[in-house]
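J.: File name upload_24.csv; file contents CSV, C-alpha atoms; full text below.
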```
chain,number,residue,atom,x,y,z
A,8,MET,CA,11.9,1.1,-58.1
A,9,LYS,CA,11.7,3.6,-55.2
A,10,LEU,CA,7.9,3.3,-55.3
A,11,VAL,CA,8.1,-0.5,-55.0
A,12,VAL,CA,10.5,-0.2,-52.0
A,13,ALA,CA,8.4,2.4,-50.3
A,14,CYS,CA,5.2,0.3,-50.8
A,15,SER,CA,7.0,-2.8,-49.5
A,16,ILE,CA,8.1,-1.0,-46.3
A,17,VAL,CA,4.6,0.3,-45.7
A,18,CYS,CA,3.0,-3.1,-46.3
A,19,ALA,CA,5.5,-4.8,-44.0
A,20,SER,CA,4.8,-2.3,-41.2
A,21,ILE,CA,1.1,-2.8,-41.6
A,22,VAL,CA,1.5,-6.6,-41.4
A,23,VAL,CA,3.7,-6.3,-38.3
A,24,SER,CA,1.4,-3.9,-36.5
A,25,ALA,CA,-1.6,-6.1,-37.4
A,26,GLN,CA,0.0,-9.1,-35.8
A,27,GLN,CA,0.7,-7.4,-32.5
A,28,PRO,CA,-2.0,-7.9,-29.9
A,29,PRO,CA,-3.8,-4.7,-28.8
A,30,ALA,CA,-2.3,-3.1,-25.7
A,31,ALA,CA,-4.2,-3.7,-22.5
A,32,PRO,CA,-5.9,-0.6,-21.1
A,33,ALA,CA,-3.8,1.2,-18.5
A,34,MET,CA,-4.6,0.6,-14.9
A,35,VAL,CA,-5.4,3.6,-12.6
A,36,ASP,CA,-2.1,3.9,-10.8
A,37,SER,CA,-2.1,7.0,-8.7
A,38,PRO,CA,-1.5,7.6,-5.0
A,39,THR,CA,-4.4,10.0,-5.0
A,40,VAL,CA,-6.9,7.2,-5.9
A,41,LYS,CA,-7.9,5.8,-2.5
A,42,VAL,CA,-10.9,3.6,-2.9
A,43,LEU,CA,-11.5,3.0,-6.7
A,44,THR,CA,-8.4,0.9,-7.0
A,45,GLY,CA,-7.9,-2.1,-9.3
A,46,LEU,CA,-9.7,-0.5,-12.3
A,47,THR,CA,-8.5,0.3,-15.7
A,48,VAL,CA,-8.7,3.9,-16.7
A,49,PRO,CA,-11.9,3.4,-18.8
A,50,GLU,CA,-13.5,1.5,-15.9
A,51,PHE,CA,-12.5,4.2,-13.5
A,52,GLU,CA,-14.0,6.9,-15.7
A,53,ALA,CA,-17.2,4.8,-16.2
A,54,GLU,CA,-17.5,4.4,-12.4
A,55,MET,CA,-17.2,8.1,-11.9
A,56,GLN,CA,-19.8,8.8,-14.5
A,57,LEU,CA,-22.2,6.3,-12.9
A,58,MET,CA,-21.7,8.1,-9.6
A,59,THR,CA,-22.5,11.5,-11.1
A,60,GLN,CA,-25.7,10.0,-12.6
A,61,ALA,CA,-26.7,8.2,-9.4
A,62,LEU,CA,-26.3,11.4,-7.3
A,63,GLY,CA,-27.5,14.0,-9.8
A,64,LEU,CA,-24.3,15.9,-9.5
A,65,SER,CA,-21.4,17.0,-11.6
A,66,CYS,CA,-17.7,16.3,-11.1
A,67,GLY,CA,-17.2,19.8,-9.5
A,68,SER,CA,-19.6,18.9,-6.8
A,69,CYS,CA,-17.0,16.7,-5.1
A,70,HIS,CA,-13.8,17.6,-6.8
A,71,ALA,CA,-11.9,20.9,-6.6
A,72,ARG,CA,-11.8,22.4,-10.1
A,73,GLY,CA,-8.4,22.1,-11.6
A,74,ASN,CA,-7.2,19.8,-8.8
A,75,PHE,CA,-9.1,16.5,-8.8
A,76,ALA,CA,-6.6,15.1,-6.2
A,77,SER,CA,-7.5,17.6,-3.6
A,78,ASP,CA,-9.4,16.4,-0.5
A,79,ALA,CA,-10.5,19.9,0.5
A,80,ASN,CA,-14.2,19.2,-0.3
A,81,PRO,CA,-16.0,17.3,2.5
A,82,ARG,CA,-18.4,15.7,-0.1
A,83,LYS,CA,-15.4,13.9,-1.6
A,84,LEU,CA,-14.5,12.5,1.8
A,85,ALA,CA,-18.2,11.4,2.4
A,86,ALA,CA,-18.2,9.8,-1.0
A,87,ARG,CA,-15.1,7.8,-0.1
A,88,ARG,CA,-16.8,6.5,3.0
A,89,MET,CA,-19.9,5.6,1.0
A,90,ILE,CA,-17.8,3.7,-1.6
A,91,GLU,CA,-16.1,1.8,1.2
A,92,MET,CA,-19.5,0.9,2.6
A,93,THR,CA,-20.8,-0.3,-0.7
A,94,LYS,CA,-17.6,-2.3,-1.4
A,95,GLY,CA,-18.1,-4.0,2.0
A,96,LEU,CA,-21.7,-4.8,1.4
A,97,ASN,CA,-20.9,-6.2,-2.0
A,98,ALA,CA,-18.0,-8.3,-0.7
A,99,GLN,CA,-20.2,-9.7,2.1
A,100,PHE,CA,-23.4,-10.3,0.2
A,101,PHE,CA,-22.6,-10.4,-3.6
A,102,ALA,CA,-19.1,-11.8,-3.8
A,103,ASP,CA,-20.1,-13.7,-7.0
A,104,TYR,CA,-21.2,-10.6,-8.9
A,105,LYS,CA,-20.1,-10.4,-12.5
A,106,PRO,CA,-20.7,-7.0,-14.1
A,107,VAL,CA,-21.8,-6.6,-17.7
A,108,GLU,CA,-21.3,-3.6,-19.9
A,109,GLY,CA,-22.7,-0.5,-18.5
A,110,GLN,CA,-22.9,-1.8,-14.9
A,111,SER,CA,-20.8,-0.9,-12.0
A,112,ARG,CA,-17.5,-2.9,-11.6
A,113,LEU,CA,-17.8,-2.4,-7.9
A,114,GLY,CA,-20.9,-4.6,-7.3
A,115,ARG,CA,-24.6,-4.8,-7.2
A,116,VAL,CA,-25.0,-2.2,-4.4
A,117,THR,CA,-24.1,1.2,-5.8
A,118,CYS,CA,-24.7,4.8,-5.1
A,119,PHE,CA,-27.9,4.5,-7.1
A,120,THR,CA,-29.2,1.8,-4.8
A,121,CYS,CA,-30.0,4.4,-2.1
A,122,HIS,CA,-29.6,7.8,-3.9
A,123,GLN,CA,-31.6,7.2,-7.1
A,124,GLY,CA,-30.5,10.4,-8.7
A,125,ASP,CA,-30.6,12.6,-5.6
A,126,THR,CA,-27.8,13.9,-3.4
A,127,ARG,CA,-29.5,12.6,-0.3
A,128,PRO,CA,-30.3,8.9,0.2
A,129,LYS,CA,-34.0,8.2,-0.4
A,130,THR,CA,-34.4,6.7,3.1
A,131,GLN,CA,-33.5,10.1,4.6
A,132,GLN,CA,-36.1,12.3,2.8
```
Spell out the structure here as structure tokens.

T.:
Amino acid sequence: MKLVVACSIVCASIVVSAQQPPAAPAMVDSPTVKVLTGLTVPEFEAEMQLMTQALGLSCGSCHARGNFASDANPRKLAARRMIEMTKGLNAQFFADYKPVEGQSRLGRVTCFTCHQGDTRPKTQQ
């Protein structure tokens, strides 16, 4: 009898959890995030990964180790200006952009557009 009751409880909890819709991904909600706002946590992490690939850098190139919120590194401040620039270009020229999986959520113009895997924009070399 105890086994039947235990199985009924387990089955009931499985049915209830299966009927609940999956939770929406958490939005990035931090006062330290200045320009990559309006993204979910997975989208934010994907954007950061795209930036490291586009610039041929690692996270530690712009962020202070152990304190990602720190603005002490001038590269991080330069990156913010570049992100604002690309967001402006995308808003002005590509307002109808719809990203697909693996593409930037920010727009068609990205870090890679100019940097192509290098720390300096290709037009400056």

J.: Extract, using all atoms listed in the file, all DNA, RNA and protein residues at most 9 Å from A:Thr117, discarding same-chain residues fewer than 5 positions from it, and format them as a short mmCIF file (atom, residue, chain, number, x, y, z; two decimals) with C-alpha atoms, in the coordinates of the input.

T.:
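The result, stored in out_16.cif:
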```
data_model
loop_
_atom_site.label_atom_id
_atom_site.label_comp_id
_atom_site.auth_asym_id
_atom_site.auth_seq_id
_atom_site.Cartn_x
_atom_site.Cartn_y
_atom_site.Cartn_z
CA LEU A 57 -22.20 6.30 -12.90
CA MET A 58 -21.70 8.10 -9.60
CA ALA A 61 -26.70 8.20 -9.40
CA ILE A 90 -17.80 3.70 -1.60
CA THR A 93 -20.80 -0.30 -0.70
CA LYS A 94 -17.60 -2.30 -1.40
CA ASN A 97 -20.90 -6.20 -2.00
CA SER A 111 -20.80 -0.90 -12.00
CA HIS A 122 -29.60 7.80 -3.90
#
```

J.: Show me, as a Markdown table, the residues of stretch 27-75 of chain A having an atom within 12 Å of stretch 80-85 of chain A, each with the closest atom pair and its distance in Å, using all atoms listed in the file.

T.:
```
| residue | atom | partner | partner_atom | distance |
| --- | --- | --- | --- | --- |
| A:Val40 | CA | A:Lys83 | CA | 11.6 |
| A:Lys41 | CA | A:Leu84 | CA | 10.3 |
| A:Val42 | CA | A:Leu84 | CA | 10.7 |
| A:Met55 | CA | A:Lys83 | CA | 12.0 |
| A:Met58 | CA | A:Lys83 | CA | 11.7 |
| A:Leu62 | CA | A:Arg82 | CA | 11.5 |
| A:Leu64 | CA | A:Arg82 | CA | 11.1 |
| A:Ser65 | CA | A:Arg82 | CA | 12.0 |
| A:Cys66 | CA | A:Lys83 | CA | 10.1 |
| A:Gly67 | CA | A:Asn80 | CA | 9.7 |
| A:Ser68 | CA | A:Arg82 | CA | 7.5 |
| A:Cys69 | CA | A:Lys83 | CA | 4.8 |
| A:His70 | CA | A:Lys83 | CA | 6.6 |
| A:Ala71 | CA | A:Asn80 | CA | 6.9 |
| A:Arg72 | CA | A:Asn80 | CA | 10.6 |
| A:Asn74 | CA | A:Asn80 | CA | 11.0 |
| A:Phe75 | CA | A:Lys83 | CA | 9.9 |
```

J.: Hey, can you check how far atom CA of A:Pro32 sits from atom CA of A:Thr47?

T.: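 According to the coordinates, atom CA of A:Pro32 and atom CA of A:Thr47 are separated by 6.1 Å.
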
J.: For a quick check of understanding, using all atoms listed in the file, which of A:Ala33, A:Thr39, A:Arg87, A:Gln56 has the smallest distance to A:Gly109?

T.: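 Nearest to A:Gly109: A:Gln56.
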
J.: Would you mind listing what lies within 10 Å of A:Asp36 as a PyMOL selection string, with only C-alpha atoms counted and same-chain residues fewer than 6 positions away left out?

T.: chain A and resi 44-48

J.: Suppose we keep C-alpha atoms; can you now write the selection as a compact mmCIF listing (two decimals), keeping the file's coordinate frame?

T.:
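Okay, again.txt is ready:
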```txt
# COMPACT_ATOMS: atom_id res chain seq x y z
CA THR A 44 -8.40 0.90 -7.00
CA GLY A 45 -7.90 -2.10 -9.30
CA LEU A 46 -9.70 -0.50 -12.30
CA THR A 47 -8.50 0.30 -15.70
CA VAL A 48 -8.70 3.90 -16.70
```

J.: Can you work out the spacing between atom CA of A:Glu91 and atom CA of A:Thr59 in Å, to one decimal?

T.: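 So the answer is 16.9 Å.
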
J.: Could you state the separation of atom CA of A:Arg115 and atom CA of A:Ala98 in Å, given to one decimal place?

T.: 9.9 Å

J.: Point out the residue among A:Glu52, A:Leu43, A:Phe100, A:Lys105 with the least atom-to-atom distance to A:Arg88, counting only C-alpha atoms.

T.: A:Leu43
